[in-house]
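Heads up, entry_36.txt below (compact mmCIF, C-alpha atoms and all ligand atoms):
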# COMPACT_ATOMS: atom_id res chain seq x y z
CA ARG A 1 11.78 19.76 5.52
CA GLN A 2 10.47 21.31 8.72
CA ALA A 3 12.35 24.49 7.88
CA ALA A 4 10.89 24.53 4.38
CA TYR A 5 7.38 24.19 5.81
CA ALA A 6 7.98 26.96 8.29
CA LYS A 7 9.10 29.34 5.54
CA LEU A 8 5.94 28.78 3.51
CA ARG A 9 3.56 28.39 6.41
CA ASP A 10 2.58 32.02 6.58
CA VAL A 11 2.51 32.64 2.84
CA GLU A 12 -0.96 33.91 1.92
CA PRO A 13 -2.03 32.40 -1.39
CA PHE A 14 -3.08 35.48 -3.33
CA THR A 15 -2.50 35.39 -7.07
CA ARG A 16 -0.59 38.23 -8.71
CA CYS A 17 -3.94 39.62 -9.77
CA GLY A 18 -5.16 39.60 -6.17
CA THR A 19 -7.49 36.59 -6.02
CA ARG A 20 -7.36 34.54 -2.85
CA ILE A 21 -7.09 30.82 -3.64
CA GLN A 22 -8.13 28.40 -0.92
CA VAL A 23 -5.34 25.92 -0.30
CA MET A 24 -6.63 23.23 2.02
CA MET A 25 -5.24 19.86 2.98
CA ASN A 26 -6.47 16.28 2.99
CA ALA A 27 -6.41 14.26 6.19
CA GLY A 28 -7.85 11.17 7.76
CA LEU A 29 -6.19 10.45 11.07
CA ARG A 30 -6.02 12.28 14.36
CA GLU A 31 -2.25 12.43 13.84
CA ASP A 32 -2.67 14.35 10.58
CA ILE A 33 -4.23 17.33 12.29
CA SER A 34 -0.98 18.83 13.53
CA ASN A 35 -0.02 19.30 9.88
CA LEU A 36 -2.68 21.96 9.56
CA ASN A 37 -0.61 24.49 11.50
CA LEU A 38 2.68 23.12 10.30
CA VAL A 39 1.92 23.81 6.65
CA GLY A 40 -0.53 26.69 7.15
CA ALA A 41 -3.48 25.24 5.23
CA ASP A 42 -6.84 27.03 5.00
CA GLY A 43 -8.61 24.05 6.51
CA ILE A 44 -9.23 20.40 5.76
CA GLY A 45 -10.94 20.07 2.39
CA LEU A 46 -11.23 16.30 2.67
CA PHE A 47 -11.31 14.41 5.93
CA ARG A 48 -11.44 10.73 5.01
CA THR A 49 -13.54 9.35 7.85
CA GLU A 50 -13.07 5.79 6.64
CA PHE A 51 -9.52 5.68 8.03
CA GLN A 52 -10.92 5.15 11.51
CA PHE A 53 -13.03 2.31 10.12
CA LEU A 54 -10.11 0.78 8.25
CA VAL A 55 -7.78 0.62 11.24
CA SER A 56 -10.43 -0.83 13.51
CA ALA A 57 -11.15 -4.54 13.95
CA THR A 58 -14.83 -3.85 14.61
CA LEU A 59 -17.24 -1.15 13.50
CA PRO A 60 -16.18 2.00 15.41
CA GLN A 61 -18.79 2.94 18.01
CA ARG A 62 -20.65 6.20 17.59
CA GLU A 63 -19.00 7.65 20.71
CA LYS A 64 -15.58 6.88 19.32
CA GLN A 65 -16.42 8.52 16.02
CA LEU A 66 -17.78 11.55 17.85
CA ARG A 67 -14.56 11.97 19.83
CA LEU A 68 -12.45 11.92 16.69
CA TYR A 69 -14.64 14.41 14.83
CA ARG A 70 -14.74 16.74 17.83
CA ASP A 71 -10.96 16.60 18.24
CA VAL A 72 -10.47 17.40 14.57
CA MET A 73 -12.84 20.39 14.71
CA ASP A 74 -11.26 21.59 17.97
CA ALA A 75 -7.83 21.49 16.38
CA ALA A 76 -8.99 23.25 13.23
CA GLY A 77 -10.58 26.10 15.22
CA ASP A 78 -12.08 28.62 12.83
CA ARG A 79 -10.89 26.79 9.75
CA PRO A 80 -13.42 24.59 7.96
CA VAL A 81 -13.18 20.81 8.00
CA ILE A 82 -15.05 18.93 5.29
CA PHE A 83 -15.95 15.50 6.59
CA ARG A 84 -16.51 12.91 3.93
CA THR A 85 -18.86 10.15 4.98
CA VAL A 86 -17.32 6.67 4.93
CA ASP A 87 -15.83 5.45 1.70
CA ILE A 88 -15.35 1.84 2.69
CA GLY A 89 -16.04 -1.24 0.65
CA GLY A 90 -14.61 -1.87 -2.78
CA ASP A 91 -10.86 -1.65 -2.60
CA LYS A 92 -11.06 -0.32 0.98
CA ALA A 93 -12.46 -3.54 2.41
CA VAL A 94 -13.10 -3.86 6.13
CA PRO A 95 -13.23 -7.29 7.72
CA TYR A 96 -16.45 -6.75 9.66
CA LEU A 97 -18.44 -6.09 6.48
CA ASN A 98 -16.82 -8.78 4.41
CA SER A 99 -19.45 -11.45 4.76
CA GLU A 100 -21.63 -9.48 2.36
CA ASN A 101 -18.92 -7.40 0.86
CA THR A 102 -16.25 -7.23 -1.68
CA GLU A 103 -14.44 -10.52 -1.78
CA ASP A 104 -16.25 -11.70 -4.86
CA GLU A 105 -16.34 -8.42 -6.69
CA GLU A 106 -14.50 -8.37 -9.98
CA ASN A 107 -14.26 -4.58 -10.07
CA PRO A 108 -14.24 -3.43 -6.46
CA ALA A 109 -13.50 0.21 -7.30
CA MET A 110 -16.77 0.21 -9.23
CA GLY A 111 -18.47 -1.98 -6.71
CA TRP A 112 -20.47 -1.83 -3.55
CA ARG A 113 -18.63 0.96 -1.79
CA ALA A 114 -18.93 4.42 -0.29
CA LEU A 115 -22.43 5.90 -0.37
CA ARG A 116 -23.79 2.84 -2.18
CA LEU A 117 -22.91 0.74 0.82
CA ALA A 118 -23.74 3.44 3.37
CA LEU A 119 -27.27 3.97 2.05
CA GLU A 120 -28.01 0.27 2.22
CA ARG A 121 -26.37 -0.16 5.59
CA GLY A 122 -28.56 2.63 6.94
CA GLY A 123 -27.54 2.02 10.54
CA LEU A 124 -23.95 2.78 9.71
CA LEU A 125 -24.74 6.12 8.08
CA LYS A 126 -27.18 7.06 10.83
CA ALA A 127 -24.56 6.50 13.48
CA GLN A 128 -22.04 8.54 11.55
CA ALA A 129 -24.53 11.33 10.95
CA ARG A 130 -25.35 11.51 14.63
CA ALA A 131 -21.68 11.50 15.60
CA LEU A 132 -20.92 14.34 13.19
CA LEU A 133 -23.95 16.41 14.18
CA GLU A 134 -23.17 16.06 17.87
CA ALA A 135 -19.48 16.78 17.38
CA ALA A 136 -20.43 19.98 15.53
CA SER A 137 -22.75 21.19 18.27
CA GLY A 138 -22.65 25.00 18.28
CA ARG A 139 -20.46 25.24 15.18
CA THR A 140 -20.54 24.85 11.43
CA LEU A 141 -20.56 21.35 9.96
CA TYR A 142 -19.41 20.52 6.44
CA VAL A 143 -20.43 17.06 5.19
CA MET A 144 -19.57 15.59 1.83
CA PHE A 145 -20.90 12.44 0.21
CA PRO A 146 -18.58 10.24 -1.93
CA MET A 147 -19.26 8.30 -5.13
CA ILE A 148 -22.52 9.99 -6.02
CA SER A 149 -23.64 9.06 -9.52
CA GLU A 150 -27.18 10.44 -9.49
CA PRO A 151 -28.79 13.33 -7.59
CA TRP A 152 -31.21 11.08 -5.66
CA GLU A 153 -28.27 9.57 -3.80
CA PHE A 154 -27.42 13.01 -2.46
CA ASP A 155 -31.05 13.52 -1.37
CA ALA A 156 -31.14 10.15 0.36
CA ALA A 157 -27.89 10.75 2.23
CA LYS A 158 -28.92 14.26 3.26
CA ALA A 159 -32.26 12.90 4.50
CA VAL A 160 -30.41 10.59 6.89
CA PHE A 161 -28.64 13.62 8.38
CA GLU A 162 -31.83 15.68 8.56
CA GLU A 163 -33.59 12.85 10.35
CA GLN A 164 -30.84 12.67 12.94
CA LEU A 165 -30.92 16.44 13.26
CA ALA A 166 -34.64 16.35 13.99
CA TYR A 167 -34.01 13.70 16.62
CA LEU A 168 -31.33 15.79 18.35
CA LYS A 169 -33.63 18.80 18.24
CA LYS A 170 -36.34 16.82 19.99
CA GLN A 171 -33.78 15.84 22.60
CA ARG A 172 -33.07 19.55 23.06
CA LYS A 173 -29.41 19.10 22.25
CA THR A 174 -27.34 22.01 21.00
CA LEU A 175 -27.40 21.69 17.23
CA PRO A 176 -24.76 22.79 14.75
CA GLU A 177 -24.96 26.49 13.96
CA ALA A 178 -25.03 25.71 10.25
CA ILE A 179 -24.74 22.61 8.09
CA HIS A 180 -23.28 22.67 4.59
CA TYR A 181 -23.90 19.61 2.46
CA GLY A 182 -21.71 18.84 -0.51
CA ALA A 183 -21.04 16.14 -3.05
CA MET A 184 -17.96 14.63 -4.54
CA LEU A 185 -17.82 14.40 -8.27
CA GLU A 186 -15.81 11.29 -9.01
CA VAL A 187 -18.24 9.31 -11.14
CA PRO A 188 -18.24 10.76 -14.68
CA ALA A 189 -22.00 10.25 -15.14
CA LEU A 190 -22.66 12.90 -12.52
CA ALA A 191 -21.17 15.56 -14.77
CA GLU A 192 -24.05 15.05 -17.21
CA VAL A 193 -26.66 15.92 -14.58
CA LEU A 194 -24.85 18.63 -12.67
CA ASP A 195 -27.56 21.16 -13.48
CA LEU A 196 -29.97 19.01 -11.49
CA LEU A 197 -27.62 18.48 -8.58
CA ILE A 198 -26.00 21.88 -8.11
CA PRO A 199 -29.08 23.72 -6.76
CA LYS A 200 -29.13 21.23 -3.87
CA LEU A 201 -25.49 21.72 -2.92
CA SER A 202 -23.51 24.10 -0.85
CA PHE A 203 -20.24 22.83 -2.33
CA LEU A 204 -18.92 20.43 -4.94
CA SER A 205 -15.54 18.75 -4.77
CA VAL A 206 -13.99 16.91 -7.69
CA GLY A 207 -12.24 13.69 -6.66
CA THR A 208 -9.75 13.45 -9.47
CA ASN A 209 -8.24 10.15 -8.30
CA ASP A 210 -11.39 8.17 -8.95
CA LEU A 211 -12.72 10.44 -11.67
CA THR A 212 -9.69 9.94 -13.88
CA GLN A 213 -9.51 6.20 -13.35
CA PHE A 214 -13.13 5.96 -14.46
CA LEU A 215 -12.69 8.37 -17.37
CA PHE A 216 -9.77 6.38 -18.74
CA ALA A 217 -10.97 2.98 -17.55
CA ALA A 218 -7.55 2.60 -15.98
CA ASP A 219 -7.26 1.16 -12.47
CA ARG A 220 -5.60 3.77 -10.25
CA ALA A 221 -4.00 1.03 -8.15
CA ASN A 222 -2.37 -0.85 -11.00
CA PRO A 223 1.24 0.33 -11.51
CA LYS A 224 1.23 -1.08 -15.03
CA LEU A 225 -1.32 1.57 -15.96
CA ALA A 226 0.34 4.46 -14.15
CA GLU A 227 1.79 5.80 -17.40
CA ARG A 228 -1.31 5.16 -19.47
CA TYR A 229 -2.75 8.62 -19.09
CA ASP A 230 -1.71 12.03 -17.99
CA TRP A 231 -3.72 14.38 -15.79
CA LEU A 232 -2.81 17.03 -18.32
CA SER A 233 -4.39 15.18 -21.23
CA PRO A 234 -6.97 17.19 -23.17
CA ALA A 235 -9.70 14.69 -22.24
CA ILE A 236 -9.25 15.23 -18.51
CA LEU A 237 -8.75 18.97 -18.79
CA ARG A 238 -11.79 19.44 -21.01
CA PHE A 239 -13.81 17.36 -18.60
CA MET A 240 -12.66 19.51 -15.69
CA ARG A 241 -13.46 22.65 -17.66
CA ARG A 242 -16.98 21.40 -18.25
CA ILE A 243 -17.49 20.88 -14.55
CA ALA A 244 -16.16 24.34 -13.75
CA GLN A 245 -18.38 25.90 -16.40
CA ALA A 246 -21.45 24.18 -14.97
CA THR A 247 -20.91 26.01 -11.69
CA VAL A 248 -20.46 29.50 -13.14
CA GLY A 249 -23.06 31.88 -11.74
CA GLN A 250 -24.34 29.22 -9.33
CA GLN A 251 -24.31 29.40 -5.55
CA VAL A 252 -21.94 26.51 -5.14
CA ASP A 253 -18.39 26.42 -3.91
CA LEU A 254 -16.25 24.41 -6.31
CA GLY A 255 -13.05 22.62 -5.42
CA VAL A 256 -10.76 19.73 -6.18
CA CYS A 257 -9.70 17.19 -3.56
CA GLY A 258 -7.76 14.61 -5.57
CA GLU A 259 -3.99 14.34 -5.89
CA MET A 260 -4.06 16.23 -9.18
CA GLY A 261 -4.40 19.55 -7.36
CA GLY A 262 -1.18 19.04 -5.43
CA ARG A 263 1.09 18.99 -8.46
CA GLN A 264 2.52 22.19 -9.85
CA LEU A 265 1.50 22.07 -13.50
CA GLU A 266 -1.82 20.40 -12.76
CA ALA A 267 -2.67 23.06 -10.17
CA LEU A 268 -1.73 25.75 -12.66
CA ALA A 269 -4.02 24.18 -15.26
CA LEU A 270 -6.89 23.83 -12.76
CA MET A 271 -6.69 27.49 -11.82
CA GLY A 272 -6.77 28.33 -15.50
CA LEU A 273 -9.99 26.33 -15.77
CA GLY A 274 -11.69 28.22 -12.95
CA PHE A 275 -10.90 26.19 -9.83
CA ARG A 276 -10.27 28.40 -6.79
CA ARG A 277 -10.12 25.78 -4.02
CA LEU A 278 -7.65 22.94 -3.89
CA SER A 279 -7.44 20.37 -1.13
CA ILE A 280 -4.19 18.50 -1.33
CA THR A 281 -1.68 16.40 0.51
CA PRO A 282 -0.01 18.43 3.31
CA VAL A 283 3.49 18.37 1.78
CA SER A 284 2.17 20.13 -1.31
CA VAL A 285 0.45 22.99 0.52
CA GLY A 286 3.53 25.22 0.82
CA PRO A 287 4.73 24.73 -2.77
CA ILE A 288 1.24 25.30 -4.17
CA LYS A 289 0.82 28.49 -2.15
CA GLU A 290 4.11 29.69 -3.63
CA LEU A 291 2.85 28.85 -7.12
CA VAL A 292 -0.40 30.74 -6.57
CA ARG A 293 1.54 33.92 -5.80
CA GLN A 294 3.28 33.80 -9.14
CA ILE A 295 0.33 33.51 -11.46
CA ASP A 296 -2.03 35.87 -13.18
CA LEU A 297 -5.42 34.24 -13.58
CA ALA A 298 -6.46 36.09 -16.73
CA GLU A 299 -3.24 35.02 -18.40
CA ILE A 300 -3.45 31.33 -17.55
CA THR A 301 -7.20 31.25 -18.30
CA GLU A 302 -6.61 32.60 -21.78
CA ALA A 303 -3.75 30.19 -22.39
CA MET A 304 -5.79 27.20 -21.23
CA ASN A 305 -8.71 28.18 -23.44
CA GLY A 306 -6.45 28.29 -26.44
CA TRP A 307 -4.80 24.95 -25.67
CA LEU A 308 -8.10 23.21 -25.07
CA THR A 309 -9.53 24.46 -28.34
CA ASN A 310 -6.44 23.39 -30.24
CA PRO A 311 -4.54 20.93 -28.08
CA PRO A 312 -0.78 21.04 -28.53
CA GLU A 313 1.00 17.76 -29.19
CA ASN A 314 2.20 17.58 -25.62
CA MET A 315 0.22 19.59 -23.11
CA ARG A 316 2.65 18.89 -20.28
CA ASP A 317 5.65 20.24 -22.20
CA THR A 318 3.65 23.21 -23.37
CA LEU A 319 2.53 24.15 -19.87
CA GLN A 320 6.01 23.58 -18.51
CA GLN A 321 7.48 25.91 -21.12
CA TRP A 322 4.80 28.50 -20.46
CA ALA A 323 5.68 28.44 -16.76
CA LEU A 324 9.42 28.60 -17.44
CA ASP A 325 8.98 31.58 -19.74
CA ARG A 326 7.39 33.44 -16.85
CA GLY A 327 9.98 32.39 -14.31
CA ILE A 328 7.47 30.17 -12.50
C1 LIG B 401 -10.61 10.93 -5.17
O1 LIG B 401 -11.16 9.92 -5.60
O2 LIG B 401 -10.05 11.76 -5.90
C2 LIG B 401 -10.59 11.23 -3.73
C3 LIG B 401 -10.18 12.40 -3.29
O3 LIG B 401 -10.98 10.26 -2.86
P1 LIG B 401 -10.11 8.96 -2.55
O4 LIG B 401 -8.72 9.22 -3.06
O5 LIG B 401 -10.18 8.80 -1.07
O6 LIG B 401 -10.85 7.91 -3.30
MG MG B 402 -12.47 8.73 -4.40
Could you express the structure from this file as structure tokens?
Ligand code: PEP
Ligand code: MG
Amino acid sequence: RQAAYAKLRDVEPFTRCGTRIQVMMNAGLREDISNLNLVGADGIGLFRTEFQFLVSATLPQREKQLRLYRDVMDAAGDRPVIFRTVDIGGDKAVPYLNSENTEDEENPAMGWRALRLALERGGLLKAQARALLEAASGRTLYVMFPMISEPWEFDAAKAVFEEQLAYLKKQRKTLPEAIHYGAMLEVPALAEVLDLLIPKLSFLSVGTNDLTQFLFAADRANPKLAERYDWLSPAILRFMRRIAQATVGQQVDLGVCGEMGGRQLEALALMGLGFRRLSITPVSVGPIKELVRQIDLAEITEAMNGWLTNPPENMRDTLQQWALDRGI
């Protein structure tokens, strides 16, 4: 496996038609960072900050958070790291919040989690904001908010960061050189109001794991439902197309950070829908970079348009055949 990584590490993901696709990786632990060089990813498109919270018996202190964030940015060097603010609660329960948390929730994935929890537990988000801003002193910070369903949630979360920024400024600390704020799109309702949200954003990242479970009302953690829907179903692909179309001509950087982007046919489909940034599990980075080099965007875009207008009986088989015909 190491040898396979090494072979693909230096592959530059340009399509046949010359477009550079960003192939980033997902991470969450200090130990994951070494993968960045091992697989040759363009950066970390999703750093799940809740991992530190999940493995800790008590709420991680701000200093401890700061050290982790700084180490991650040090290791990434010039490559961007997108830090997602905590996505705890719901199915990612932590013992020290449990007294008011999830035990009684019937639908924890749709419950009091992520930004919903973080905005109410303001102290928690403030501490995280300060840790991130201090860790990014003198460099560029990318922050992303999870589980946004309405634009005001983005405003409220950003305001917490801006307040901490003002505080650090008053303290005459070295501030980040630039801050890019982004949102995850994983709640379907957000797609209906994207025109209102996009002007506020620097980037938008589609979390296909949660998005698809909500679209199909099918629990992502229940193995009995694993075969219930396909990421290549017309419903999901049309939904993804809609999101991509909403960003056309806008100053927003669009990407995908769910598992969907790490699979060959799914990645192919996403590129055909207009996605140019994929953040995926490290093992998939090499294979997806290889895939990118074999495709022509105009060709797959045209094919996808046709299939989404008139969906074939089995989209997966159709895409597979299309790829085989081209030696992909
Ligand atoms: C997602 O929902 O697609 C996502 C990337 O976040 P997580 O898997 O951590 O919920
Ligand atoms: Mg999610």
Within 10 Å of ligand MG 402 (chain B), counting all atoms listed in the file, which protein or nucleic acid residues do you find, written as a PDB file with C-alpha atoms, in the coordinates of the input?
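For reference, result12.pdb as written:
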ATOM      1  CA  ARG A  48     -11.440  10.730   5.010  1.00  0.00           C
ATOM      2  CA  ASP A  87     -15.830   5.450   1.700  1.00  0.00           C
ATOM      3  CA  ALA A 109     -13.500   0.210  -7.300  1.00  0.00           C
ATOM      4  CA  ALA A 114     -18.930   4.420  -0.290  1.00  0.00           C
ATOM      5  CA  PRO A 146     -18.580  10.240  -1.930  1.00  0.00           C
ATOM      6  CA  MET A 147     -19.260   8.300  -5.130  1.00  0.00           C
ATOM      7  CA  MET A 184     -17.960  14.630  -4.540  1.00  0.00           C
ATOM      8  CA  LEU A 185     -17.820  14.400  -8.270  1.00  0.00           C
ATOM      9  CA  GLU A 186     -15.810  11.290  -9.010  1.00  0.00           C
ATOM     10  CA  VAL A 187     -18.240   9.310 -11.140  1.00  0.00           C
ATOM     11  CA  VAL A 206     -13.990  16.910  -7.690  1.00  0.00           C
ATOM     12  CA  GLY A 207     -12.240  13.690  -6.660  1.00  0.00           C
ATOM     13  CA  THR A 208      -9.750  13.450  -9.470  1.00  0.00           C
ATOM     14  CA  ASN A 209      -8.240  10.150  -8.300  1.00  0.00           C
ATOM     15  CA  ASP A 210     -11.390   8.170  -8.950  1.00  0.00           C
ATOM     16  CA  LEU A 211     -12.720  10.440 -11.670  1.00  0.00           C
ATOM     17  CA  THR A 212      -9.690   9.940 -13.880  1.00  0.00           C
ATOM     18  CA  GLN A 213      -9.510   6.200 -13.350  1.00  0.00           C
ATOM     19  CA  CYS A 257      -9.700  17.190  -3.560  1.00  0.00           C
ATOM     20  CA  GLY A 258      -7.760  14.610  -5.570  1.00  0.00           C
TER      21      GLY A 258
END
| said: To one decimal place in Å, what is the distance between CA of Asn107 in chain A and atom O6 of ligand LIG 401 (chain B)? | reply: 14.6 Å
Specify the axis-aligned box that encloses all atoms of ligand LIG 401 (chain B) listed in the file after padding of 3 Å on each side, stating its centre and edge lengths in Å to one decimal as JSON.
{"center_x": -9.9, "center_y": 10.2, "center_z": -3.5, "size_x": 8.4, "size_y": 10.5, "size_z": 10.8}
| task | Please provide as a ChimeraX atom specification all residues within 9 Å of range 294-311 of chain A, with the sequence filter that same-chain residues fewer than 6 positions apart are discarded (counting all atoms listed in the file). | result | /A:14-19,233-234,237-238,268-269,271-274,318-319,322,326-328
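Residue nearest ligand LIG 401 (chain B), chosen from A:Arg220, A:Arg9, A:Arg121, A:Lys169 and counting all atoms listed in the file: A:Arg220.
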| Pick from A:Pro176, A:Gly89, A:Pro151, A:Pro287 nearest to ligand LIG 401 (chain B), counting only C-alpha atoms and all ligand atoms | A:Gly89
List as a PDB file with C-alpha atoms, in the coordinates of the input the protein and nucleic acid residues near Leu141 in chain A, meaning an atom at most 7 Å away when only C-alpha atoms are counted, but skip any in the same chain fewer than 2 places from it.
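Now in selection.pdb:
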ATOM      1  CA  ALA A 136     -20.430  19.980  15.530  1.00  0.00           C
ATOM      2  CA  ARG A 139     -20.460  25.240  15.180  1.00  0.00           C
ATOM      3  CA  VAL A 143     -20.430  17.060   5.190  1.00  0.00           C
ATOM      4  CA  PRO A 176     -24.760  22.790  14.750  1.00  0.00           C
ATOM      5  CA  ALA A 178     -25.030  25.710  10.250  1.00  0.00           C
ATOM      6  CA  ILE A 179     -24.740  22.610   8.090  1.00  0.00           C
ATOM      7  CA  HIS A 180     -23.280  22.670   4.590  1.00  0.00           C
TER       8      HIS A 180
END
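Across the model, the gap from CA of Ala191 in chain A to CA of Met240 in chain A is 9.4 Å.
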Missing atoms in range 20-38 of chain A: fill them in up to N, CA and C atoms and send the result as a compact mmCIF listing (two decimals), in the frame of the given file.
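In the end it all went to selection.txt:
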# COMPACT_ATOMS: atom_id res chain seq x y z
N ARG A 20 -7.75 35.46 -3.92
CA ARG A 20 -7.36 34.54 -2.85
C ARG A 20 -7.77 33.13 -3.26
N ILE A 21 -6.80 32.23 -3.34
CA ILE A 21 -7.09 30.82 -3.64
C ILE A 21 -7.11 30.07 -2.31
N GLN A 22 -8.08 29.20 -2.14
CA GLN A 22 -8.13 28.40 -0.92
C GLN A 22 -7.22 27.19 -1.09
N VAL A 23 -6.22 27.09 -0.25
CA VAL A 23 -5.34 25.92 -0.30
C VAL A 23 -5.54 25.13 0.99
N MET A 24 -6.27 24.05 0.86
CA MET A 24 -6.63 23.23 2.02
C MET A 24 -5.86 21.92 1.97
N MET A 25 -5.97 21.13 3.03
CA MET A 25 -5.24 19.86 2.98
C MET A 25 -6.17 18.68 3.23
N ASN A 26 -5.74 17.52 2.77
CA ASN A 26 -6.47 16.28 2.99
C ASN A 26 -5.92 15.60 4.25
N ALA A 27 -6.82 14.93 4.96
CA ALA A 27 -6.41 14.26 6.19
C ALA A 27 -7.34 13.09 6.45
N GLY A 28 -7.00 12.31 7.45
CA GLY A 28 -7.85 11.17 7.76
C GLY A 28 -7.61 10.58 9.14
N LEU A 29 -6.51 10.98 9.75
CA LEU A 29 -6.19 10.45 11.07
C LEU A 29 -6.03 11.60 12.06
N ARG A 30 -6.21 11.26 13.32
CA ARG A 30 -6.02 12.28 14.36
C ARG A 30 -4.61 12.87 14.25
N GLU A 31 -3.66 12.01 13.92
CA GLU A 31 -2.25 12.43 13.84
C GLU A 31 -2.00 13.43 12.70
N ASP A 32 -2.88 13.44 11.72
CA ASP A 32 -2.67 14.35 10.58
C ASP A 32 -2.94 15.81 10.96
N ILE A 33 -3.70 15.99 12.03
CA ILE A 33 -4.23 17.33 12.29
C ILE A 33 -3.14 18.35 12.56
N SER A 34 -2.05 17.88 13.19
CA SER A 34 -0.98 18.83 13.53
C SER A 34 -0.39 19.45 12.26
N ASN A 35 -0.54 18.77 11.14
CA ASN A 35 -0.02 19.30 9.88
C ASN A 35 -0.69 20.62 9.47
N LEU A 36 -1.90 20.78 9.95
CA LEU A 36 -2.68 21.96 9.56
C LEU A 36 -1.91 23.24 9.90
N ASN A 37 -1.38 23.31 11.11
CA ASN A 37 -0.61 24.49 11.50
C ASN A 37 0.78 24.46 10.90
N LEU A 38 1.32 23.26 10.81
CA LEU A 38 2.68 23.12 10.30
C LEU A 38 2.80 23.67 8.88
